[in-house]
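Shown next: target-v3.pdb, containing PDB, C-alpha atoms.
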ATOM      1  CA  GLY F 542       0.000   0.000   0.000  1.00  0.00           C
ATOM      2  CA  VAL F 543       0.865   3.685  -0.011  1.00  0.00           C
ATOM      3  CA  GLU F 544       3.420   4.588   2.623  1.00  0.00           C
ATOM      4  CA  LEU F 545       5.316   7.720   3.620  1.00  0.00           C
ATOM      5  CA  VAL F 546       8.123   7.446   6.165  1.00  0.00           C
ATOM      6  CA  GLU F 547       9.702  10.587   7.573  1.00  0.00           C
ATOM      7  CA  SER F 548      13.178  10.727   9.098  1.00  0.00           C
ATOM      8  CA  GLY F 549      15.874  13.207  10.029  1.00  0.00           C
ATOM      9  CA  GLY F 550      14.293  14.881  13.025  1.00  0.00           C
ATOM     10  CA  GLY F 551      16.055  15.323  16.331  1.00  0.00           C
ATOM     11  CA  LEU F 552      17.273  17.751  18.944  1.00  0.00           C
ATOM     12  CA  VAL F 553      19.098  20.829  17.676  1.00  0.00           C
ATOM     13  CA  GLN F 554      20.210  24.104  19.206  1.00  0.00           C
ATOM     14  CA  SER F 555      18.587  27.362  18.280  1.00  0.00           C
ATOM     15  CA  GLY F 556      20.121  28.670  15.064  1.00  0.00           C
ATOM     16  CA  GLY F 557      20.958  25.181  13.860  1.00  0.00           C
ATOM     17  CA  SER F 558      19.831  23.180  10.856  1.00  0.00           C
ATOM     18  CA  LEU F 559      18.262  19.831  10.052  1.00  0.00           C
ATOM     19  CA  ARG F 560      17.313  18.050   6.864  1.00  0.00           C
ATOM     20  CA  LEU F 561      14.151  15.997   6.947  1.00  0.00           C
ATOM     21  CA  SER F 562      13.483  13.197   4.492  1.00  0.00           C
ATOM     22  CA  CYS F 563      10.294  11.435   3.485  1.00  0.00           C
ATOM     23  CA  THR F 564      10.626   8.129   1.653  1.00  0.00           C
ATOM     24  CA  ALA F 565       7.599   7.212  -0.426  1.00  0.00           C
ATOM     25  CA  SER F 566       6.422   3.840  -1.644  1.00  0.00           C
ATOM     26  CA  GLY F 567       3.317   2.200  -3.074  1.00  0.00           C
ATOM     27  CA  PHE F 568       2.483   4.876  -5.643  1.00  0.00           C
ATOM     28  CA  ASP F 569       4.085   6.720  -8.545  1.00  0.00           C
ATOM     29  CA  PHE F 570       5.887   9.474  -6.633  1.00  0.00           C
ATOM     30  CA  ARG F 571       6.768  11.340  -9.843  1.00  0.00           C
ATOM     31  CA  ASP F 572       3.091  12.066 -10.538  1.00  0.00           C
ATOM     32  CA  ARG F 573       2.025  13.479  -7.192  1.00  0.00           C
ATOM     33  CA  GLY F 574       2.226  16.843  -5.502  1.00  0.00           C
ATOM     34  CA  MET F 575       3.826  16.639  -2.082  1.00  0.00           C
ATOM     35  CA  SER F 576       3.722  18.778   1.023  1.00  0.00           C
ATOM     36  CA  TRP F 577       5.094  19.272   4.519  1.00  0.00           C
ATOM     37  CA  VAL F 578       3.010  20.283   7.517  1.00  0.00           C
ATOM     38  CA  ARG F 579       3.795  20.421  11.220  1.00  0.00           C
ATOM     39  CA  LYS F 580       1.967  20.149  14.521  1.00  0.00           C
ATOM     40  CA  ALA F 581       3.280  21.706  17.716  1.00  0.00           C
ATOM     41  CA  PRO F 582       1.935  20.780  21.163  1.00  0.00           C
ATOM     42  CA  GLY F 583      -1.164  22.799  21.978  1.00  0.00           C
ATOM     43  CA  LYS F 584      -1.345  24.322  18.494  1.00  0.00           C
ATOM     44  CA  GLY F 585      -3.222  23.541  15.316  1.00  0.00           C
ATOM     45  CA  GLU F 586      -1.622  21.976  12.299  1.00  0.00           C
ATOM     46  CA  GLU F 587       0.429  24.401  10.234  1.00  0.00           C
ATOM     47  CA  TRP F 588       1.101  24.019   6.514  1.00  0.00           C
ATOM     48  CA  ILE F 589       4.766  24.595   5.607  1.00  0.00           C
ATOM     49  CA  ALA F 590       5.313  24.003   1.898  1.00  0.00           C
ATOM     50  CA  ASP F 591       4.023  22.414  -1.311  1.00  0.00           C
ATOM     51  CA  ILE F 592       5.927  21.170  -4.354  1.00  0.00           C
ATOM     52  CA  THR F 593       4.557  20.107  -7.723  1.00  0.00           C
ATOM     53  CA  PRO F 594       5.518  16.735  -9.258  1.00  0.00           C
ATOM     54  CA  ASP F 595       8.096  18.334 -11.553  1.00  0.00           C
ATOM     55  CA  SER F 596       9.420  20.729  -8.862  1.00  0.00           C
ATOM     56  CA  ARG F 597       8.667  23.699 -11.120  1.00  0.00           C
ATOM     57  CA  ARG F 598       6.323  25.303  -8.624  1.00  0.00           C
ATOM     58  CA  ILE F 599       6.908  25.613  -4.909  1.00  0.00           C
ATOM     59  CA  TRP F 600       4.956  27.491  -2.258  1.00  0.00           C
ATOM     60  CA  TYR F 601       5.929  28.335   1.327  1.00  0.00           C
ATOM     61  CA  SER F 602       4.144  29.602   4.377  1.00  0.00           C
ATOM     62  CA  ASP F 603       5.282  32.959   5.695  1.00  0.00           C
ATOM     63  CA  SER F 604       7.003  31.252   8.622  1.00  0.00           C
ATOM     64  CA  ALA F 605       8.962  28.938   6.315  1.00  0.00           C
ATOM     65  CA  ARG F 606       9.882  31.264   3.464  1.00  0.00           C
ATOM     66  CA  GLY F 607      13.544  32.191   3.516  1.00  0.00           C
ATOM     67  CA  ARG F 608      14.510  29.576   6.112  1.00  0.00           C
ATOM     68  CA  PHE F 609      13.126  26.247   4.863  1.00  0.00           C
ATOM     69  CA  THR F 610      13.590  24.601   1.468  1.00  0.00           C
ATOM     70  CA  ILE F 611      11.395  21.851   0.063  1.00  0.00           C
ATOM     71  CA  SER F 612      12.794  19.612  -2.661  1.00  0.00           C
ATOM     72  CA  ARG F 613      12.338  16.165  -4.121  1.00  0.00           C
ATOM     73  CA  ASP F 614      14.253  13.385  -5.839  1.00  0.00           C
ATOM     74  CA  ASN F 615      11.801  11.628  -8.130  1.00  0.00           C
ATOM     75  CA  ALA F 616      14.336   8.972  -9.104  1.00  0.00           C
ATOM     76  CA  ARG F 617      14.595   7.901  -5.449  1.00  0.00           C
ATOM     77  CA  SER F 618      11.000   8.738  -4.411  1.00  0.00           C
ATOM     78  CA  VAL F 619      12.197  10.975  -1.610  1.00  0.00           C
ATOM     79  CA  LEU F 620      10.882  14.342  -0.447  1.00  0.00           C
ATOM     80  CA  TYR F 621      13.118  16.668   1.552  1.00  0.00           C
ATOM     81  CA  LEU F 622      12.737  19.648   3.842  1.00  0.00           C
ATOM     82  CA  GLN F 623      15.862  21.612   4.717  1.00  0.00           C
ATOM     83  CA  LEU F 624      15.374  23.540   7.947  1.00  0.00           C
ATOM     84  CA  ASN F 625      17.748  26.446   8.654  1.00  0.00           C
ATOM     85  CA  ARG F 626      18.006  29.099  11.396  1.00  0.00           C
ATOM     86  CA  LEU F 627      15.756  27.069  13.641  1.00  0.00           C
ATOM     87  CA  THR F 628      14.119  28.592  16.706  1.00  0.00           C
ATOM     88  CA  SER F 629      12.109  27.162  19.574  1.00  0.00           C
ATOM     89  CA  GLU F 630       8.969  28.122  17.636  1.00  0.00           C
ATOM     90  CA  ASP F 631       9.879  25.436  15.115  1.00  0.00           C
ATOM     91  CA  THR F 632       9.598  22.647  17.683  1.00  0.00           C
ATOM     92  CA  ALA F 633       6.914  20.320  16.331  1.00  0.00           C
ATOM     93  CA  MET F 634       6.144  16.997  14.728  1.00  0.00           C
ATOM     94  CA  TYR F 635       6.748  17.302  11.000  1.00  0.00           C
ATOM     95  CA  TYR F 636       4.681  15.290   8.511  1.00  0.00           C
ATOM     96  CA  CYS F 637       4.961  14.772   4.777  1.00  0.00           C
ATOM     97  CA  LEU F 638       1.796  14.464   2.739  1.00  0.00           C
ATOM     98  CA  LYS F 639       0.816  13.218  -0.665  1.00  0.00           C
ATOM     99  CA  ASP F 640      -2.091  15.016  -2.389  1.00  0.00           C
ATOM    100  CA  ARG F 641      -2.776  17.512   0.413  1.00  0.00           C
ATOM    101  CA  HIS F 642      -6.483  18.413   0.682  1.00  0.00           C
ATOM    102  CA  MET F 643      -7.483  15.793  -1.875  1.00  0.00           C
ATOM    103  CA  SER F 644      -9.507  12.637  -1.320  1.00  0.00           C
ATOM    104  CA  THR F 645      -6.305  10.658  -1.963  1.00  0.00           C
ATOM    105  CA  GLU F 646      -4.368  12.465   0.766  1.00  0.00           C
ATOM    106  CA  VAL F 647      -1.956  10.288   2.723  1.00  0.00           C
ATOM    107  CA  ARG F 648       0.448  11.348   5.454  1.00  0.00           C
ATOM    108  CA  GLY F 649       3.316   9.716   7.255  1.00  0.00           C
ATOM    109  CA  ARG F 650       3.716   9.184  10.989  1.00  0.00           C
ATOM    110  CA  GLY F 651       5.951  12.181  11.384  1.00  0.00           C
ATOM    111  CA  THR F 652       9.399  13.022  12.677  1.00  0.00           C
ATOM    112  CA  GLN F 653       9.964  15.118  15.795  1.00  0.00           C
ATOM    113  CA  VAL F 654      12.024  18.287  15.652  1.00  0.00           C
ATOM    114  CA  THR F 655      12.978  19.825  18.978  1.00  0.00           C
ATOM    115  CA  VAL F 656      14.874  23.107  19.115  1.00  0.00           C
ATOM    116  CA  SER F 657      16.566  24.038  22.369  1.00  0.00           C
ATOM    117  CA  SER F 658      17.048  27.710  23.204  1.00  0.00           C
TER     118      SER F 658
END

I'd like the structure from this file rewritten - as structure tokens, please.
Amino acid sequence: GVELVESGGGLVQSGGSLRLSCTASGFDFRDRGMSWVRKAPGKGEEWIADITPDSRRIWYSDSARGRFTISRDNARSVLYLQLNRLTSEDTAMYYCLKDRHMSTEVRGRGTQVTVSS
């Protein structure tokens, strides 16, 4: 079946960087739009970024623009999220999604990012 597995989270100091990965299987990754969202304790889910199948179009939330970079490797079926200049406000569980807001939406189990101040 369709599966998304996130990795790369961890504990990092404020100002540091992390690169998250999302390995996809069970569907043709090259044909699907992909996204990252996050959920912090006590807060609602926050959309971070979208990328089209061919990577030609990318959109970021205001909080992500300029610090985070979404990318993908269609040959390896992997989605990435580079996180730079992290702050404590970025502490959250990060999820990758296929087909966000569509009936075929699928998300992974998430990877935890914790930023210490």

Residues near segment 556-562 of chain F, cut-off 10 Å, all atoms listed in the file, skip fewer than 2 positions along chain, as a short mmCIF file (atom, residue, chain, number, x, y, z; two decimals) with C-alpha atoms, keeping the file's coordinate frame:
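Listed below is the output, result25.cif:
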data_model
loop_
_atom_site.label_atom_id
_atom_site.label_comp_id
_atom_site.auth_asym_id
_atom_site.auth_seq_id
_atom_site.Cartn_x
_atom_site.Cartn_y
_atom_site.Cartn_z
CA LEU F 545 5.32 7.72 3.62
CA VAL F 546 8.12 7.45 6.16
CA GLU F 547 9.70 10.59 7.57
CA SER F 548 13.18 10.73 9.10
CA GLY F 549 15.87 13.21 10.03
CA GLY F 550 14.29 14.88 13.02
CA GLY F 551 16.06 15.32 16.33
CA LEU F 552 17.27 17.75 18.94
CA VAL F 553 19.10 20.83 17.68
CA GLN F 554 20.21 24.10 19.21
CA THR F 564 10.63 8.13 1.65
CA ALA F 565 7.60 7.21 -0.43
CA TRP F 577 5.09 19.27 4.52
CA ARG F 608 14.51 29.58 6.11
CA PHE F 609 13.13 26.25 4.86
CA THR F 610 13.59 24.60 1.47
CA ILE F 611 11.40 21.85 0.06
CA SER F 612 12.79 19.61 -2.66
CA ARG F 613 12.34 16.16 -4.12
CA VAL F 619 12.20 10.98 -1.61
CA LEU F 620 10.88 14.34 -0.45
CA TYR F 621 13.12 16.67 1.55
CA LEU F 622 12.74 19.65 3.84
CA GLN F 623 15.86 21.61 4.72
CA LEU F 624 15.37 23.54 7.95
CA ASN F 625 17.75 26.45 8.65
CA ARG F 626 18.01 29.10 11.40
CA LEU F 627 15.76 27.07 13.64
CA THR F 628 14.12 28.59 16.71
CA SER F 629 12.11 27.16 19.57
CA TYR F 635 6.75 17.30 11.00
CA TYR F 636 4.68 15.29 8.51
CA CYS F 637 4.96 14.77 4.78
CA THR F 652 9.40 13.02 12.68
CA GLN F 653 9.96 15.12 15.80
CA VAL F 654 12.02 18.29 15.65
CA VAL F 656 14.87 23.11 19.11
CA SER F 657 16.57 24.04 22.37
CA SER F 658 17.05 27.71 23.20
#

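The residue that comes closest to Ile589 of chain F, out of F:Val647, F:Val543, F:Ala605, F:Ala633 and on the basis of all atoms listed in the file, is F:Ala605.
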
Protein, DNA and RNA residues within 8 Å of (4.6, 17.3, 1.4), only C-alpha atoms, as a tab-separated table (two decimals) with C-alpha atoms, in the frame of the given file:
chain	number	residue	atom	x	y	z
F	574	GLY	CA	2.23	16.84	-5.50
F	575	MET	CA	3.83	16.64	-2.08
F	576	SER	CA	3.72	18.78	1.02
F	577	TRP	CA	5.09	19.27	4.52
F	578	VAL	CA	3.01	20.28	7.52
F	590	ALA	CA	5.31	24.00	1.90
F	591	ASP	CA	4.02	22.41	-1.31
F	592	ILE	CA	5.93	21.17	-4.35
F	620	LEU	CA	10.88	14.34	-0.45
F	636	TYR	CA	4.68	15.29	8.51
F	637	CYS	CA	4.96	14.77	4.78
F	638	LEU	CA	1.80	14.46	2.74
F	639	LYS	CA	0.82	13.22	-0.66
F	641	ARG	CA	-2.78	17.51	0.41

Could you list the residues chosen by the PyMOL selection byres ((chain F and resi 583-585) around 12) in this structure as a PDB file with C-alpha atoms, in the frame of the given file?
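Result saved to out-v6.pdb:
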ATOM      1  CA  VAL F 578       3.010  20.283   7.517  1.00  0.00           C
ATOM      2  CA  ARG F 579       3.795  20.421  11.220  1.00  0.00           C
ATOM      3  CA  LYS F 580       1.967  20.149  14.521  1.00  0.00           C
ATOM      4  CA  ALA F 581       3.280  21.706  17.716  1.00  0.00           C
ATOM      5  CA  PRO F 582       1.935  20.780  21.163  1.00  0.00           C
ATOM      6  CA  GLU F 586      -1.622  21.976  12.299  1.00  0.00           C
ATOM      7  CA  GLU F 587       0.429  24.401  10.234  1.00  0.00           C
ATOM      8  CA  TRP F 588       1.101  24.019   6.514  1.00  0.00           C
ATOM      9  CA  GLU F 630       8.969  28.122  17.636  1.00  0.00           C
ATOM     10  CA  ASP F 631       9.879  25.436  15.115  1.00  0.00           C
ATOM     11  CA  THR F 632       9.598  22.647  17.683  1.00  0.00           C
ATOM     12  CA  ALA F 633       6.914  20.320  16.331  1.00  0.00           C
ATOM     13  CA  MET F 634       6.144  16.997  14.728  1.00  0.00           C
TER      14      MET F 634
END

Can you work out which one of F:Asn615, F:Ser555, F:Trp600, F:Phe568 has the shortest atom-to-atom distance to Thr645 of chain F, counting all atoms listed in the file?
F:Phe568

Taken to one decimal, the atom CA of Arg573 of chain F-atom CA of Arg597 of chain F distance is 12.8 Å

Please, what distance in Å, to one decimal, runs between atom CA of Gly649 of chain F and atom CA of Ala616 of chain F?
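Interatomic distance, atom CA of Gly649 of chain F to atom CA of Ala616 of chain F: 19.7 Å.
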